[in-house]
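J.: My structure is stored as target28.txt, with compact mmCIF, C-alpha atoms (C1' of nucleotides).
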# COMPACT_ATOMS: atom_id res chain seq x y z
CA MET C 1 -18.90 -11.18 -5.26
CA LYS C 2 -17.04 -7.90 -5.02
CA LEU C 3 -14.18 -7.50 -2.55
CA ALA C 4 -12.17 -4.37 -1.82
CA THR C 5 -9.22 -3.07 0.15
CA TRP C 6 -8.62 0.51 1.22
CA ASN C 7 -6.00 2.13 3.41
CA VAL C 8 -8.13 4.97 4.80
CA ASN C 9 -5.36 6.72 6.78
CA SER C 10 -7.53 7.37 9.86
CA LEU C 11 -11.07 6.01 9.94
CA ALA C 12 -12.08 8.86 12.26
CA VAL C 13 -11.28 11.34 9.50
CA ARG C 14 -12.46 9.21 6.57
CA LEU C 15 -15.70 7.67 7.92
CA PRO C 16 -18.08 9.98 6.00
CA GLN C 17 -16.17 9.29 2.78
CA LEU C 18 -16.11 5.57 3.50
CA LEU C 19 -19.88 5.49 3.98
CA ASP C 20 -20.40 7.36 0.69
CA TRP C 21 -18.03 5.03 -1.10
CA LEU C 22 -19.63 1.88 0.33
CA ALA C 23 -23.05 3.09 -0.81
CA LEU C 24 -21.67 3.76 -4.28
CA GLN C 25 -19.66 0.55 -4.75
CA GLN C 26 -21.82 -1.88 -2.75
CA PRO C 27 -19.01 -4.38 -2.22
CA ASP C 28 -19.70 -7.66 -0.44
CA ALA C 29 -16.66 -7.33 1.79
CA VAL C 30 -14.08 -4.62 2.44
CA VAL C 31 -10.86 -4.66 4.41
CA LEU C 32 -9.53 -1.39 5.81
CA GLN C 33 -6.04 -0.45 6.94
CA GLU C 34 -4.69 2.34 9.12
CA THR C 35 -7.93 2.86 11.02
CA LYS C 36 -5.76 4.38 13.81
CA LEU C 37 -8.46 3.68 16.40
CA THR C 38 -8.50 1.75 19.63
CA ASP C 39 -11.22 -0.90 19.63
CA ASP C 40 -13.49 1.12 21.92
CA LYS C 41 -13.55 3.94 19.35
CA PHE C 42 -14.41 1.82 16.30
CA PRO C 43 -17.53 3.29 14.60
CA GLN C 44 -19.49 0.05 14.71
CA ALA C 45 -22.84 1.77 15.27
CA GLU C 46 -22.45 4.14 12.33
CA LEU C 47 -21.46 1.28 10.02
CA ALA C 48 -24.28 -0.93 11.31
CA ALA C 49 -26.76 1.89 10.69
CA ALA C 50 -25.56 1.91 7.06
CA GLY C 51 -26.08 -1.85 6.84
CA TRP C 52 -22.57 -3.16 7.48
CA HIS C 53 -21.33 -5.93 9.73
CA SER C 54 -17.92 -5.16 11.18
CA ALA C 55 -15.01 -7.00 12.70
CA TRP C 56 -12.13 -4.82 13.85
CA PHE C 57 -8.73 -4.87 15.48
CA GLY C 58 -6.98 -1.64 16.36
CA GLN C 59 -4.62 0.22 18.61
CA LYS C 60 -3.83 3.79 19.56
CA THR C 61 -2.40 6.16 16.92
CA TYR C 62 -0.99 3.62 14.45
CA ASN C 63 -2.06 0.69 12.29
CA GLY C 64 -5.50 -0.85 12.88
CA VAL C 65 -7.51 -3.02 10.48
CA ALA C 66 -11.15 -3.94 9.92
CA LEU C 67 -13.30 -6.33 7.88
CA LEU C 68 -16.71 -5.07 6.78
CA THR C 69 -19.32 -7.38 5.25
CA ARG C 70 -22.64 -6.62 3.62
CA HIS C 71 -24.78 -9.74 3.97
CA ALA C 72 -23.68 -11.52 7.15
CA PRO C 73 -20.98 -11.22 9.78
CA ALA C 74 -17.65 -12.78 8.83
CA THR C 75 -17.06 -16.10 10.56
CA ASN C 76 -13.94 -17.68 12.05
CA VAL C 77 -12.37 -14.25 12.55
CA VAL C 78 -8.65 -14.17 13.31
CA ARG C 79 -6.73 -11.12 14.52
CA ASN C 80 -3.04 -10.86 13.65
CA ILE C 81 -0.85 -13.78 12.61
CA PRO C 82 -1.32 -16.75 14.96
CA GLY C 83 1.89 -17.58 16.78
CA LEU C 84 3.56 -14.25 15.95
CA ASP C 85 4.08 -12.11 19.03
CA ASP C 86 3.22 -8.73 17.52
CA ALA C 87 2.22 -5.59 19.41
CA GLN C 88 0.99 -4.00 16.16
CA ALA C 89 -2.57 -4.51 14.87
CA ARG C 90 -2.02 -5.42 11.21
CA VAL C 91 -4.14 -8.39 10.20
CA ILE C 92 -7.80 -9.37 10.29
CA ALA C 93 -9.12 -12.48 8.58
CA GLY C 94 -12.57 -13.99 8.25
CA SER C 95 -14.67 -16.27 6.09
CA VAL C 96 -17.21 -14.57 3.81
CA ALA C 97 -19.57 -16.59 1.59
CA GLY C 98 -17.16 -19.50 1.32
CA VAL C 99 -14.09 -17.35 0.68
CA ARG C 100 -11.29 -16.91 3.19
CA VAL C 101 -10.54 -13.18 3.29
CA ILE C 102 -7.26 -12.04 4.83
CA GLY C 103 -6.87 -8.28 5.16
CA ALA C 104 -3.40 -7.03 6.02
CA TYR C 105 -1.50 -3.83 6.63
CA PHE C 106 2.07 -4.82 5.86
CA PRO C 107 4.82 -2.97 7.75
CA ASN C 108 6.26 0.07 6.01
CA GLY C 109 9.88 -0.85 6.73
CA GLN C 110 11.13 2.76 6.74
CA ALA C 111 14.54 2.10 5.11
CA PRO C 112 16.62 -0.92 4.13
CA GLY C 113 18.89 -1.90 7.01
CA SER C 114 16.76 -0.23 9.67
CA GLU C 115 15.18 -1.98 12.66
CA LYS C 116 11.79 -1.46 11.07
CA PHE C 117 13.02 -3.15 7.91
CA ALA C 118 14.11 -6.16 9.96
CA TYR C 119 10.66 -6.21 11.58
CA LYS C 120 9.08 -6.12 8.12
CA MET C 121 11.16 -9.11 7.01
CA GLY C 122 10.24 -11.14 10.10
CA TRP C 123 6.59 -10.22 9.72
CA LEU C 124 6.67 -11.28 6.05
CA ASP C 125 8.24 -14.62 7.00
CA ALA C 126 5.46 -15.24 9.52
CA LEU C 127 2.76 -14.11 7.10
CA ARG C 128 3.96 -16.44 4.37
CA ALA C 129 4.07 -19.45 6.69
CA TRP C 130 0.61 -18.71 8.05
CA VAL C 131 -0.97 -18.08 4.62
CA ALA C 132 0.51 -21.39 3.41
CA ASP C 133 -1.23 -23.05 6.33
CA GLU C 134 -4.49 -21.21 5.70
CA LEU C 135 -4.45 -22.33 2.06
CA THR C 136 -4.45 -25.98 3.12
CA ARG C 137 -7.69 -25.36 5.04
CA HIS C 138 -9.19 -22.74 2.72
CA PRO C 139 -8.29 -23.23 -0.96
CA ARG C 140 -10.62 -20.36 -1.87
CA LEU C 141 -8.58 -17.54 -0.38
CA VAL C 142 -7.94 -13.84 -1.01
CA LEU C 143 -5.02 -11.95 0.58
CA LEU C 144 -5.56 -8.23 0.16
CA GLY C 145 -4.41 -5.01 1.69
CA ASP C 146 -1.64 -2.45 1.81
CA TYR C 147 1.45 -4.53 1.06
CA ASN C 148 3.90 -1.62 1.13
CA ILE C 149 5.69 -3.42 -1.71
CA ALA C 150 5.87 -2.32 -5.34
CA PRO C 151 6.28 -5.73 -6.99
CA GLU C 152 7.88 -4.61 -10.26
CA ASP C 153 9.42 -1.52 -11.83
CA ARG C 154 6.21 -0.93 -13.78
CA ASP C 155 4.53 -0.37 -10.39
CA VAL C 156 6.74 2.67 -9.70
CA TYR C 157 6.46 6.11 -11.34
CA ASP C 158 10.23 6.62 -11.27
CA PRO C 159 11.88 3.21 -10.95
CA VAL C 160 15.38 4.68 -11.33
CA ALA C 161 14.93 7.07 -8.40
CA TRP C 162 13.26 4.34 -6.33
CA ALA C 163 15.71 1.55 -7.15
CA GLY C 164 16.69 -0.16 -3.91
CA GLN C 165 14.55 2.21 -1.86
CA ILE C 166 11.90 1.08 0.60
CA HIS C 167 9.00 -0.73 -1.15
CA CYS C 168 11.29 -1.58 -4.06
CA THR C 169 14.14 -3.56 -2.49
CA PRO C 170 15.02 -7.01 -3.83
CA GLU C 171 14.22 -8.45 -0.38
CA GLU C 172 10.68 -7.06 -0.37
CA ARG C 173 10.08 -8.10 -3.98
CA ALA C 174 11.37 -11.60 -3.19
CA HIS C 175 8.79 -11.81 -0.41
CA PHE C 176 6.05 -10.77 -2.83
CA GLN C 177 7.18 -13.51 -5.21
CA GLY C 178 7.23 -15.91 -2.27
CA LEU C 179 3.55 -15.21 -1.65
CA LEU C 180 2.82 -15.89 -5.33
CA GLY C 181 4.79 -19.13 -4.93
CA LEU C 182 2.24 -20.34 -2.41
CA GLY C 183 -0.33 -20.51 -5.19
CA LEU C 184 -1.58 -16.93 -5.30
CA VAL C 185 -1.89 -14.60 -8.27
CA ASP C 186 -1.94 -10.79 -8.53
CA ALA C 187 -5.55 -10.18 -9.62
CA PHE C 188 -4.72 -6.75 -11.03
CA ARG C 189 -2.33 -8.25 -13.59
CA LEU C 190 -4.86 -10.80 -14.81
CA PHE C 191 -6.37 -7.97 -16.84
CA GLU C 192 -5.17 -5.30 -19.20
CA GLN C 193 -4.63 -2.14 -17.17
CA PRO C 194 -3.89 1.48 -17.96
CA PRO C 195 -0.13 2.17 -17.90
CA LYS C 196 1.06 4.08 -14.83
CA SER C 197 -1.56 2.56 -12.55
CA TRP C 198 -0.85 3.43 -8.93
CA SER C 199 -2.69 2.90 -5.65
CA TRP C 200 -0.75 5.44 -3.57
CA TRP C 201 0.38 9.01 -4.23
CA ASP C 202 2.41 11.10 -1.79
CA TYR C 203 0.47 13.98 -0.25
CA ARG C 204 3.39 16.24 -1.08
CA ASN C 205 4.56 17.69 -4.37
CA LEU C 206 1.19 17.61 -6.14
CA ALA C 207 1.99 13.95 -6.67
CA PHE C 208 -1.56 12.91 -7.48
CA ARG C 209 -2.04 15.72 -9.98
CA LYS C 210 1.22 14.69 -11.65
CA ASN C 211 0.32 11.00 -11.32
CA GLN C 212 3.52 10.20 -9.46
CA GLY C 213 2.72 7.16 -7.37
CA LEU C 214 3.31 3.54 -6.52
CA ARG C 215 1.17 0.42 -6.80
CA ILE C 216 1.54 -1.01 -3.31
CA ASP C 217 -2.04 -2.08 -2.49
CA HIS C 218 -2.77 -5.52 -3.86
CA ILE C 219 -5.31 -8.31 -4.13
CA LEU C 220 -3.85 -11.78 -4.40
CA VAL C 221 -6.28 -14.61 -5.14
CA SER C 222 -5.65 -18.32 -4.80
CA THR C 223 -5.32 -20.48 -7.91
CA ALA C 224 -8.63 -22.15 -6.98
CA LEU C 225 -10.36 -18.76 -7.28
CA GLN C 226 -8.39 -17.44 -10.25
CA PRO C 227 -10.72 -18.81 -12.98
CA THR C 228 -13.66 -17.04 -11.33
CA VAL C 229 -12.04 -13.58 -11.21
CA THR C 230 -13.80 -11.32 -13.72
CA GLY C 231 -12.17 -7.98 -13.00
CA CYS C 232 -9.79 -5.98 -10.83
CA SER C 233 -9.33 -2.22 -10.73
CA ILE C 234 -8.06 0.73 -8.73
CA ASP C 235 -10.75 3.29 -7.92
CA LYS C 236 -9.05 6.69 -8.16
CA LEU C 237 -12.21 8.66 -7.43
CA PRO C 238 -11.78 8.81 -3.61
CA ARG C 239 -8.23 10.15 -4.12
CA LYS C 240 -9.84 13.20 -5.78
CA ASN C 241 -11.79 14.06 -2.63
CA GLU C 242 -11.06 17.38 -0.94
CA ARG C 243 -9.63 15.48 2.01
CA PRO C 244 -8.43 12.17 0.61
CA SER C 245 -6.52 9.26 2.00
CA ASP C 246 -3.15 8.99 0.28
CA HIS C 247 -4.25 5.51 -0.92
CA ALA C 248 -6.98 4.59 -3.41
CA PRO C 249 -9.16 1.50 -2.95
CA VAL C 250 -8.59 -1.62 -5.04
CA LEU C 251 -11.51 -3.85 -6.03
CA VAL C 252 -11.87 -7.38 -7.38
CA GLU C 253 -14.90 -9.15 -8.84
CA ILE C 254 -15.31 -12.90 -8.38
CA SER C 255 -18.11 -14.67 -10.21
CA ALA C 256 -18.40 -17.56 -7.78
C1' DA Y 1 16.89 19.21 -1.16
C1' DT Y 2 17.66 15.32 5.00
C1' DG Y 3 11.95 19.65 2.15
C1' DA Y 4 7.20 19.66 0.39
C1' DC Y 5 1.61 16.91 3.26
C1' DT Y 6 -1.46 14.66 6.54
C1' DC Y 7 -2.42 12.37 10.72
C1' DC Y 8 -1.64 11.63 15.50
C1' DC Y 9 -0.53 12.92 20.30
C1' DA Y 10 1.16 16.22 22.12
C1' DG Y 11 0.83 21.05 23.39
C1' DT Y 12 2.70 25.53 19.93
C1' DG Y 13 6.92 20.48 18.27
C1' DG Y 14 7.90 15.79 16.58
C1' DG Y 15 7.23 10.93 14.89
C1' DA Y 16 5.44 8.21 11.23
C1' DG Y 17 3.90 7.30 6.95
C1' DA Y 18 5.73 5.81 1.93
Take the structure in this file and express it as structure tokens.
T.:
Amino acid sequence: MKLATWNVNSLAVRLPQLLDWLALQQPDAVVLQETKLTDDKFPQAELAAAGWHSAWFGQKTYNGVALLTRHAPATNVVRNIPGLDDAQARVIAGSVAGVRVIGAYFPNGQAPGSEKFAYKMGWLDALRAWVADELTRHPRLVLLGDYNIAPEDRDVYDPVAWAGQIHCTPEERAHFQGLLGLGLVDAFRLFEQPPKSWSWWDYRNLAFRKNQGLRIDHILVSTALQPTVTGCSIDKLPRKNERPSDHAPVLVEISA
DNA sequence: ATGACTCCCAGTGGGAGA
């Protein structure tokens, strides 16, 4: 099966592109972040007309996530982290063909020491505890989305300039390692990849043209699934659109 | 360079993103 994650930065703006991309890639399941739509505005009919089942969870202006599936509706759908009192719509999980799929839009964190950074840390604590629990029930699990964390210096176009900055702080990287410690592996790094592989490029400064970006969108697979992973890649093509999201989709292929 | 762009809600400016 083929799974994908894409921060679309407004589903209202990106829906035509998303439909084109789904037709091209034909994934089995896709998680979206930053839909920026209240639930009443989710384009369920348009996606259904294109052959997609949808589960969604949004809010006004910010955040918002969705889980699209090709063959059947996702089952046992969960919205946000159980037990975490969170006003922000950041997580949607569901079971797809025997795989537990958790799509997440991790908090940005703004700047180390800020209130939003503290929120990010608390959210990451809750996520880790919940994913640990999910793994006991669902050994075949994929955690994918916009992590807003660049795990290593090789995931940053200018690691000196970004040292200690948001997405690159030791605290955020420790949380990423903590998720790996649950028994998850970064699918992208299971394979040889082009150097300077990023999933996000700033809209400003001709950053995409200069390939100045960060790898902050990730697909973590459980150790039970790891032997069945046959590929993982970033699809830069949508970032070349006339009106792109600032993020590119990431895809993983699982043979089982 | 505390910028640059894009999106949103607002309403002709400002917050947020990363």
J.: What separation in Å, quoted to one decimal, exists between CA of Asn7 in chain C and CA of Leu32 in chain C?
T.: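 Rounded to one decimal, the two atoms are 5.5 Å apart.
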J.: So which one's closest to DC9 in chain Y, C:Lys2, C:Lys236, C:Lys36, C:Arg189? Using all atoms listed in the file, please.
T.: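 With all atoms listed in the file as the atom set, the closest residue is C:Lys36.
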J.: Give me, as a PyMOL selection string, the residues of chain C touching chain Y, with the criterion being at most 6 Å (counting only C-alpha atoms (C1' of nucleotides)).
T.: chain C and resi 61+203-205
J.: Quick one: pull the distance between CA of Glu242 in chain C and CA of Gln33 in chain C, Å, one decimal.
T.: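 Value for the CA of Glu242 in chain C-CA of Gln33 in chain C distance: 20.1 Å.
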J.: Record the distance separating CA of His138 in chain C and CA of Val78 in chain C, expressed in Å with one decimal.
T.: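 A separation of 13.6 Å between them.
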J.: Counting all atoms listed in the file, which of C:Thr69, C:Gly51, C:Asp155, C:Leu220 gets nearest to Pro194 in chain C?
T.: C:Asp155
J.: Residues around (-0.2, -17.6, -3.8), cut-off 9 Å, counting all atoms listed in the file - what are they as a list in words?
T.: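 The distance filter leaves exactly Val131, Ala132, Leu135, Leu143, Gln177, Gly178, Leu179, Leu180, Gly181, Leu182, Gly183, Leu184, Val185, Asp186, Leu220, Val221, Ser222 and Thr223 of chain C.
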J.: List the spatial neighbours of Ser245 in chain C as a short mmCIF file (atom, residue, chain, number, x, y, z; two decimals) with C-alpha atoms (C1' of nucleotides), keeping the file's coordinate frame - criterion: any atom at most 10 Å away, all atoms listed in the file, same-chain residues fewer than 5 positions off excluded.
T.:
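Okay, result_36.cif is ready:
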data_model
loop_
_atom_site.label_atom_id
_atom_site.label_comp_id
_atom_site.auth_asym_id
_atom_site.auth_seq_id
_atom_site.Cartn_x
_atom_site.Cartn_y
_atom_site.Cartn_z
CA TRP C 6 -8.62 0.51 1.22
CA ASN C 7 -6.00 2.13 3.41
CA VAL C 8 -8.13 4.97 4.80
CA ASN C 9 -5.36 6.72 6.78
CA SER C 10 -7.53 7.37 9.86
CA LEU C 11 -11.07 6.01 9.94
CA VAL C 13 -11.28 11.34 9.50
CA ARG C 14 -12.46 9.21 6.57
CA GLN C 17 -16.17 9.29 2.78
CA TRP C 200 -0.75 5.44 -3.57
CA TRP C 201 0.38 9.01 -4.23
CA ASP C 202 2.41 11.10 -1.79
CA TYR C 203 0.47 13.98 -0.25
CA PRO C 238 -11.78 8.81 -3.61
CA ARG C 239 -8.23 10.15 -4.12
CA LYS C 240 -9.84 13.20 -5.78
"C1'" DT Y 6 -1.46 14.66 6.54
#
